Each structure stands twice: as structure tokens, then as C-alpha cells.
Amino acid sequence: MNNLSDIVAKQFPGKKIVVIGDLVADQFLYGTIARVSREAPVFILRHNETETLAGGAANAAVNIASLGGNAVLVGLVGKDTNGETLAEKLQQSKVDCRYVVGSEKFQTTTKVRVLAGQHYAPRQQVIRIDYENRGAISSKLQSRLKNNFLSAVEEAAAIVFSDYDYGVANAEIIKIAKEVAAARKIPFLADSRFNLRNFQGATTATPNQEEVEQILGKDFTENDCINLCQNLGFESLLVTRGNKGMLLVEKNKPPAHFEAIGSKEPVDVTGAGDTVIAAYALSLASGLSFSEAASVANHAGGIVVMKKGTASVSSDELLTSLVTRENTENAERKIEAYL
């Protein structure tokens, strides 16, 4: 088995990963409860600050960059304030945005999470407001996305398709992504909120528990996951299960379970799936097996859920977690050998 920390330290830096999909501006509006309104039985929130972070496919790209990879992003934003703010955040995070299309006819998908609390008390999310593009993406914009993707994917080591069901993932561009990955013999990873079946023939996918339940029902079994993996023509299927860890299904291998890393009580799971697929993609692109890549992704996911908001994992954080686990395992093997 590879020394995972060595692979992360030596192979991740500069590895080009193309991320295509739905870009989201994740906004967090922080406020302090001032008083109860006289107009209605509701609190009046005094606004403190609004923070905009990268969400959706943009967050997957940010995580790839924070882990040392060369993240190249393909997607669509509106020529609006939220789109400009998101672009600034991506550039600050060292994501290559040359292939992101901006359009005046598109509204940047934005999720506003309102977090409220009293003075000197933790703020809690009280409501989320979503701003979505109401019309279908035009054929002209789809053509620009396709051409940008074909330009971006030159010399890529892996392709990640992050589908949040906001319109980028149409049949044509999914087909092109699969064909490019097959021709260049690079991994094609899919993360789809509602349309996993549309990615039949991808190398692997990373659905969470709820997304698998939407397909198989709440009482799905390991055999159900094996059948789903086979029916969709995947080489593997990595199911993330929150504090229950991960389940990896591979062709011609028994299912593998990975216990959750760190605390069983996450602080915030927002965007955790983006972190998982980022680490998983870099690992596969670096030559790790599905099982080894899942182990690395499990560590990355365990770190990010202990952070508030839409967060990313740094290479130093991931290395620390991996080295700690490797040292523990080496010590246990020495003790077993001695006994």
C-alpha cells in the first residue's frame, strides 16, 4: 500500500484537475437580534456582515486549489454583483477562472444563509434564501461552455463534474466529458444532487446517503449499491454517510467501510461533498487505488465538517491528519509484532 502522506505531499502539487458544473455563491449573512418587531411576532435582526464564499462546483475547485492542485473551472455566472464577488473569491483562492462564462442573461445562483444570535452568543442559521436562474440555459451559452471545456481539459489529469441541477449538466456536455476522459484515459468523477443516472459510464461517483436513498430507498443495502454501481457502469461508487463514514463499492471487490475521521458530531456539513470529491479526484489522478483515494477523501471530509460555513481543507491539514493516522497504525503493528 502506498504511503498516502507522501503521495499527497509529492503528487498533489500542480496536478491539473478540470471542474465543470454549477457555480454557486454561498452567502452568509450574520446579524444580532435587536428586539421583537411590533409589526409581527418576529425578531428584528441588526445586520453585522455578509460573507460570500464559493459553493457548488466552485467550492470543489477551491478545495482542489487549497490541496495544492491546479484547479481549472468551467461554469457560468451572471454579470451581476454576486457573480463578480464569487469571481473575486475564486481568484483569491488561486482557481483558474479563464473558462468561466459570464452572461448578462444569467443570474448567478446564490444561497443566502441568515445566521442570527444575541450579543456574545453563537449564531445559528434561521433561514436560507435561494436565488436561482429561472430560465433554461440558452443553446449559445451551452455552446460556449462546451468549447471552453474542450480548451480547458488539455493535459488534465482528471475531470470532475459537479451537478447541482442548475442547468449546466445537459446530455451533450456529459457525453463529451465521458468521451474525453475515455480517450485520454483519465478519471471522470461525478457528483450529482438529483441526476446520478445521467452520468452512466463515468469512472466513479460520490453521492451522499440522501442522494442514494432517492434512487434506492431508505433501507438500501450494500448489495443494492453494488447493483447500482454495475447498472451505471461505474468502476466504483463512494457513498458518503456523515458520521457513519463512507462505503466504497468496487468492481470485483468486497465493499469497504471507512469510519468517520475525527468527531462524530460535525460542526457544519455545508460543502463537505465538494471537499470529498476534490481530494478523491487528486488522489486518483496521482495514481492511488479507489480504496486509497477514498481513505484520503475520508480524512479531508473529516477535517472540513469541523469548520463553520462552506470551507476548504489545506494540504497541511490533510497531511497532519494522514501522518497522525499512519504513525498510529505503525505503532499498533509494532506492538502486534512484539506480542
# chains A, B, ... in the order shown; residues from 1 in each chain; ligands from 1
>>> residues_around(residues="A:Thr275", least_positions_apart="5", cutoff="8 Å", atoms="only C-alpha atoms", output="ChimeraX atom specification")
/A:59-60,63-64,297,300-301,304,312-313
>>> residues_around(residues="A:Gly83", least_positions_apart="2", cutoff="10 Å", atoms="only C-alpha atoms", output="PyMOL selection string")
chain A and resi 23-25+76-81+85-89+102-103+106-110
>>> write_last_selection(atoms="N, CA and C atoms", output="PDB file, in the first residue's frame")
ATOM      1  N   LEU A  23     -21.948  26.689 -10.681  1.00  0.00           N
ATOM      2  CA  LEU A  23     -21.258  27.557  -9.740  1.00  0.00           C
ATOM      3  C   LEU A  23     -22.273  28.249  -8.842  1.00  0.00           C
ATOM      4  N   VAL A  24     -21.980  28.288  -7.556  1.00  0.00           N
ATOM      5  CA  VAL A  24     -22.902  28.857  -6.573  1.00  0.00           C
ATOM      6  C   VAL A  24     -22.163  29.859  -5.698  1.00  0.00           C
ATOM      7  N   ALA A  25     -22.801  31.010  -5.469  1.00  0.00           N
ATOM      8  CA  ALA A  25     -22.289  31.963  -4.486  1.00  0.00           C
ATOM      9  C   ALA A  25     -22.953  31.641  -3.156  1.00  0.00           C
ATOM     10  N   LEU A  76     -20.736  28.840 -15.318  1.00  0.00           N
ATOM     11  CA  LEU A  76     -21.494  30.006 -15.770  1.00  0.00           C
ATOM     12  C   LEU A  76     -21.897  30.869 -14.582  1.00  0.00           C
ATOM     13  N   VAL A  77     -21.663  32.172 -14.705  1.00  0.00           N
ATOM     14  CA  VAL A  77     -22.122  33.127 -13.697  1.00  0.00           C
ATOM     15  C   VAL A  77     -22.802  34.298 -14.408  1.00  0.00           C
ATOM     16  N   GLY A  78     -23.607  35.013 -13.665  1.00  0.00           N
ATOM     17  CA  GLY A  78     -24.210  36.203 -14.213  1.00  0.00           C
ATOM     18  C   GLY A  78     -23.268  37.384 -14.105  1.00  0.00           C
ATOM     19  N   LYS A  79     -23.483  38.382 -14.958  1.00  0.00           N
ATOM     20  CA  LYS A  79     -22.714  39.620 -14.835  1.00  0.00           C
ATOM     21  C   LYS A  79     -23.441  40.517 -13.836  1.00  0.00           C
ATOM     22  N   ASP A  80     -23.413  40.059 -12.595  1.00  0.00           N
ATOM     23  CA  ASP A  80     -24.102  40.756 -11.517  1.00  0.00           C
ATOM     24  C   ASP A  80     -23.170  40.839 -10.318  1.00  0.00           C
ATOM     25  N   THR A  81     -23.639  41.492  -9.271  1.00  0.00           N
ATOM     26  CA  THR A  81     -22.787  41.711  -8.099  1.00  0.00           C
ATOM     27  C   THR A  81     -22.317  40.399  -7.482  1.00  0.00           C
ATOM     28  N   THR A  85     -18.473  39.057  -7.114  1.00  0.00           N
ATOM     29  CA  THR A  85     -17.913  38.716  -5.798  1.00  0.00           C
ATOM     30  C   THR A  85     -17.400  37.285  -5.778  1.00  0.00           C
ATOM     31  N   LEU A  86     -18.156  36.387  -6.403  1.00  0.00           N
ATOM     32  CA  LEU A  86     -17.731  34.984  -6.481  1.00  0.00           C
ATOM     33  C   LEU A  86     -16.432  34.868  -7.277  1.00  0.00           C
ATOM     34  N   ALA A  87     -16.339  35.576  -8.399  1.00  0.00           N
ATOM     35  CA  ALA A  87     -15.124  35.538  -9.218  1.00  0.00           C
ATOM     36  C   ALA A  87     -13.912  36.031  -8.432  1.00  0.00           C
ATOM     37  N   GLU A  88     -14.104  37.079  -7.636  1.00  0.00           N
ATOM     38  CA  GLU A  88     -13.014  37.601  -6.810  1.00  0.00           C
ATOM     39  C   GLU A  88     -12.554  36.561  -5.787  1.00  0.00           C
ATOM     40  N   LYS A  89     -13.529  35.893  -5.169  1.00  0.00           N
ATOM     41  CA  LYS A  89     -13.188  34.867  -4.179  1.00  0.00           C
ATOM     42  C   LYS A  89     -12.411  33.718  -4.828  1.00  0.00           C
ATOM     43  N   GLY A 102     -19.352  34.450 -18.352  1.00  0.00           N
ATOM     44  CA  GLY A 102     -20.192  35.442 -17.706  1.00  0.00           C
ATOM     45  C   GLY A 102     -21.252  35.931 -18.680  1.00  0.00           C
ATOM     46  N   SER A 103     -22.485  36.038 -18.209  1.00  0.00           N
ATOM     47  CA  SER A 103     -23.574  36.436 -19.104  1.00  0.00           C
ATOM     48  C   SER A 103     -24.538  37.379 -18.406  1.00  0.00           C
ATOM     49  N   PHE A 106     -27.995  35.739 -17.452  1.00  0.00           N
ATOM     50  CA  PHE A 106     -27.987  34.664 -16.447  1.00  0.00           C
ATOM     51  C   PHE A 106     -27.839  35.286 -15.066  1.00  0.00           C
ATOM     52  N   GLN A 107     -28.617  34.795 -14.113  1.00  0.00           N
ATOM     53  CA  GLN A 107     -28.494  35.246 -12.727  1.00  0.00           C
ATOM     54  C   GLN A 107     -27.622  34.269 -11.955  1.00  0.00           C
ATOM     55  N   THR A 108     -26.594  34.784 -11.302  1.00  0.00           N
ATOM     56  CA  THR A 108     -25.720  33.919 -10.519  1.00  0.00           C
ATOM     57  C   THR A 108     -26.520  33.195  -9.437  1.00  0.00           C
ATOM     58  N   THR A 109     -26.420  31.882  -9.413  1.00  0.00           N
ATOM     59  CA  THR A 109     -27.089  31.103  -8.377  1.00  0.00           C
ATOM     60  C   THR A 109     -26.493  31.477  -7.024  1.00  0.00           C
ATOM     61  N   THR A 110     -27.354  31.912  -6.110  1.00  0.00           N
ATOM     62  CA  THR A 110     -26.890  32.401  -4.808  1.00  0.00           C
ATOM     63  C   THR A 110     -27.727  31.804  -3.688  1.00  0.00           C
TER      64      THR A 110
END
>>> residues_around(residues="A:Lys16", least_positions_apart="5", cutoff="7 Å", atoms="only C-alpha atoms", output="list of chain:residue names")
A:Gly69, A:Asn70, A:Ala71, A:Ala156, A:Ala157
>>> closest_residue(among="A:Gln92, A:Asn198, A:Ser162, A:Ser236", to="A:Ala58", atoms="only C-alpha atoms")
A:Ser162
>>> closest_atom_pairs(of="stretch 265-312 of chain A", to="stretch 206-209 of chain A", cutoff="10 Å", atoms="only C-alpha atoms", output="tab-separated table")
residue	atom	partner	partner_atom	distance
A:Ala272	CA	A:Asn208	CA	9.9
A:Gly273	CA	A:Asn208	CA	7.5
A:Asp274	CA	A:Thr206	CA	9.4
A:Val276	CA	A:Thr206	CA	7.9
A:Ile277	CA	A:Thr206	CA	6.6
A:Tyr280	CA	A:Thr206	CA	8.9
A:Ala294	CA	A:Thr206	CA	9.8
>>> write_last_selection(atoms="N, CA and C atoms", output="compact mmCIF listing (two decimals), in the first residue's frame")
# COMPACT_ATOMS: atom_id res chain seq x y z
N ALA A 272 -19.32 19.75 2.33
CA ALA A 272 -18.39 18.65 2.64
C ALA A 272 -18.21 17.73 1.43
N GLY A 273 -19.28 17.52 0.67
CA GLY A 273 -19.17 16.66 -0.52
C GLY A 273 -18.22 17.22 -1.55
N ASP A 274 -18.12 18.54 -1.64
CA ASP A 274 -17.18 19.17 -2.57
C ASP A 274 -15.75 18.89 -2.15
N VAL A 276 -14.76 16.25 -0.41
CA VAL A 276 -14.52 14.83 -0.63
C VAL A 276 -14.14 14.56 -2.08
N ILE A 277 -14.92 15.10 -3.03
CA ILE A 277 -14.62 14.79 -4.43
C ILE A 277 -13.32 15.46 -4.88
N TYR A 280 -10.60 13.17 -3.53
CA TYR A 280 -10.75 11.89 -4.25
C TYR A 280 -10.17 12.02 -5.66
N ALA A 294 -10.20 6.84 -1.47
CA ALA A 294 -11.32 7.01 -0.55
C ALA A 294 -10.83 7.32 0.86
>>> residues_around(residues="A:Glu172", least_positions_apart="5", cutoff="10 Å", atoms="only C-alpha atoms", output="list in words")
Gln142, Ser143, Lys146 and Ala177 of chain A
>>> closest_residue(among="A:Gly135, A:Gly309, A:Gly242, A:Gly117", to="A:Lys105", atoms="only C-alpha atoms")
A:Gly135
>>> atom_distance(atom1="atom CA of A:Ser314", atom2="atom CA of A:Val101")
27.3 Å
>>> select_by_dssp(residues="stretch 63-285 of chain A", states="strand (DSSP E or B)", output="NGL selection string")
:A and (70-78 or 96-103 or 109-117 or 124-131 or 158-163 or 188-192 or 204-205 or 208 or 236-240 or 246-250 or 256-258)
>>> write_last_selection(atoms="C-alpha atoms", output="short mmCIF file (atom, residue, chain, number, x, y, z; two decimals), in the first residue's frame")
data_model
loop_
_atom_site.label_atom_id
_atom_site.label_comp_id
_atom_site.auth_asym_id
_atom_site.auth_seq_id
_atom_site.Cartn_x
_atom_site.Cartn_y
_atom_site.Cartn_z
CA ASN A 70 -4.14 23.25 -10.37
CA ALA A 71 -7.91 23.77 -10.33
CA VAL A 72 -9.35 24.79 -13.70
CA LEU A 73 -13.01 25.77 -13.54
CA VAL A 74 -15.67 25.69 -16.26
CA GLY A 75 -19.10 27.11 -15.47
CA LEU A 76 -21.49 30.01 -15.77
CA VAL A 77 -22.12 33.13 -13.70
CA GLY A 78 -24.21 36.20 -14.21
CA ASP A 96 -8.09 29.25 -12.84
CA CYS A 97 -11.28 31.04 -13.99
CA ARG A 98 -10.35 31.69 -17.63
CA TYR A 99 -13.04 29.28 -18.81
CA VAL A 100 -15.89 30.60 -16.68
CA VAL A 101 -18.57 32.20 -18.85
CA GLY A 102 -20.19 35.44 -17.71
CA SER A 103 -23.57 36.44 -19.10
CA THR A 109 -27.09 31.10 -8.38
CA THR A 110 -26.89 32.40 -4.81
CA LYS A 111 -27.75 30.77 -1.48
CA VAL A 112 -28.12 33.24 1.38
CA ARG A 113 -27.93 31.70 4.83
CA VAL A 114 -29.10 34.04 7.58
CA LEU A 115 -27.35 33.39 10.90
CA ALA A 116 -28.73 35.12 13.96
CA GLY A 117 -27.81 35.32 17.61
CA GLN A 124 -27.46 29.85 14.31
CA GLN A 125 -28.92 29.55 10.84
CA VAL A 126 -32.57 30.63 10.90
CA ILE A 127 -33.43 30.63 7.20
CA ARG A 128 -31.90 30.11 3.76
CA ILE A 129 -32.93 32.17 0.74
CA ASP A 130 -32.08 30.84 -2.73
CA TYR A 131 -31.76 32.97 -5.86
CA ALA A 158 -8.89 14.18 -14.09
CA ILE A 159 -12.34 15.63 -14.76
CA VAL A 160 -14.86 16.43 -12.02
CA PHE A 161 -18.49 17.12 -12.95
CA SER A 162 -20.33 18.86 -10.11
CA ASP A 163 -24.05 18.83 -10.90
CA PHE A 188 -14.12 11.11 -14.77
CA LEU A 189 -15.78 11.76 -11.39
CA ALA A 190 -19.43 12.68 -10.95
CA ASP A 191 -21.16 14.41 -8.06
CA SER A 192 -24.85 14.85 -8.87
CA THR A 204 -16.74 6.86 -10.27
CA ALA A 205 -19.25 8.95 -8.32
CA ASN A 208 -24.17 11.07 -0.17
CA SER A 236 -16.53 2.34 -8.23
CA LEU A 237 -19.12 4.12 -6.12
CA LEU A 238 -18.16 6.06 -2.99
CA VAL A 239 -21.14 6.76 -0.71
CA THR A 240 -20.57 9.38 1.99
CA MET A 246 -18.04 6.05 3.88
CA LEU A 247 -18.94 2.98 1.86
CA LEU A 248 -16.84 2.10 -1.18
CA VAL A 249 -18.16 -0.31 -3.79
CA GLU A 250 -15.71 -1.53 -6.44
CA ALA A 256 -15.10 -1.41 2.01
CA HIS A 257 -16.15 0.68 5.00
CA PHE A 258 -14.29 3.74 6.27
#
>>> closest_residue(among="A:Ser138, A:Thr270, A:Thr310, A:Asn298", to="A:Leu322", atoms="only C-alpha atoms")
A:Asn298
>>> atom_distance(atom1="atom CA of A:Val19", atom2="atom CA of A:Asn3")
26.6 Å
>>> residues_around(residues="A:Leu319", least_positions_apart="4", cutoff="8 Å", atoms="only C-alpha atoms", output="MDAnalysis selection string")
chainID A and resid 5 8:9 315 323
>>> atom_distance(atom1="atom CA of A:Arg197", atom2="atom CA of A:Phe234")
10.6 Å
>>> select_by_dssp(residues="stretch 108-284 of chain A", states="alpha helix (DSSP H)", output="compact mmCIF listing (two decimals) with C-alpha atoms, in the first residue's frame")
# COMPACT_ATOMS: atom_id res chain seq x y z
CA SER A 139 -28.01 26.99 -26.67
CA LYS A 140 -25.50 29.80 -27.28
CA LEU A 141 -24.27 29.71 -23.68
CA GLN A 142 -24.20 25.90 -23.72
CA SER A 143 -22.04 26.04 -26.84
CA ARG A 144 -19.63 28.44 -25.15
CA LEU A 145 -19.41 26.13 -22.12
CA LYS A 146 -18.70 23.15 -24.37
CA ASN A 147 -15.94 24.97 -26.26
CA ASN A 148 -14.43 26.28 -23.03
CA PHE A 149 -14.43 22.78 -21.56
CA LEU A 150 -12.65 21.33 -24.59
CA SER A 151 -9.99 24.03 -24.29
CA ALA A 152 -9.66 23.68 -20.51
CA ALA A 171 -26.75 15.27 -22.04
CA GLU A 172 -24.39 16.61 -24.68
CA ILE A 173 -21.73 18.02 -22.38
CA ILE A 174 -21.84 14.95 -20.11
CA LYS A 175 -21.29 12.76 -23.19
CA ILE A 176 -18.37 14.92 -24.32
CA ALA A 177 -16.78 14.79 -20.86
CA LYS A 178 -17.02 10.98 -20.80
CA GLU A 179 -15.57 10.68 -24.29
CA VAL A 180 -12.65 12.98 -23.48
CA ALA A 181 -11.88 11.10 -20.26
CA ALA A 182 -12.01 7.74 -22.05
CA ALA A 183 -9.82 8.91 -24.92
CA ARG A 184 -7.19 10.33 -22.58
CA GLN A 209 -26.57 8.92 1.85
CA GLU A 210 -29.61 11.02 0.97
CA GLU A 211 -28.84 11.01 -2.76
CA VAL A 212 -28.54 7.23 -2.78
CA GLU A 213 -31.80 6.96 -0.84
CA GLN A 214 -33.52 8.96 -3.57
CA ILE A 215 -32.59 6.18 -6.00
CA LEU A 216 -32.66 3.02 -3.88
CA GLU A 222 -24.56 -2.98 0.24
CA ASN A 223 -25.87 -5.29 -2.49
CA ASP A 224 -28.14 -2.52 -3.71
CA CYS A 225 -25.11 -0.26 -4.02
CA ILE A 226 -23.18 -2.98 -5.85
CA ASN A 227 -26.04 -3.36 -8.32
CA LEU A 228 -26.32 0.42 -8.76
CA CYS A 229 -22.61 0.66 -9.48
CA GLN A 230 -22.84 -2.13 -12.06
CA ASN A 231 -26.02 -0.80 -13.68
CA ALA A 272 -18.39 18.65 2.64
CA GLY A 273 -19.17 16.66 -0.52
CA ASP A 274 -17.18 19.17 -2.57
CA THR A 275 -14.17 18.60 -0.33
CA VAL A 276 -14.52 14.83 -0.63
CA ILE A 277 -14.62 14.79 -4.43
CA ALA A 278 -11.70 17.25 -4.61
CA ALA A 279 -9.44 15.02 -2.52
CA TYR A 280 -10.75 11.89 -4.25
CA ALA A 281 -10.02 13.34 -7.71
CA LEU A 282 -6.49 14.45 -6.82
CA SER A 283 -5.79 11.04 -5.30
CA LEU A 284 -6.99 9.10 -8.35
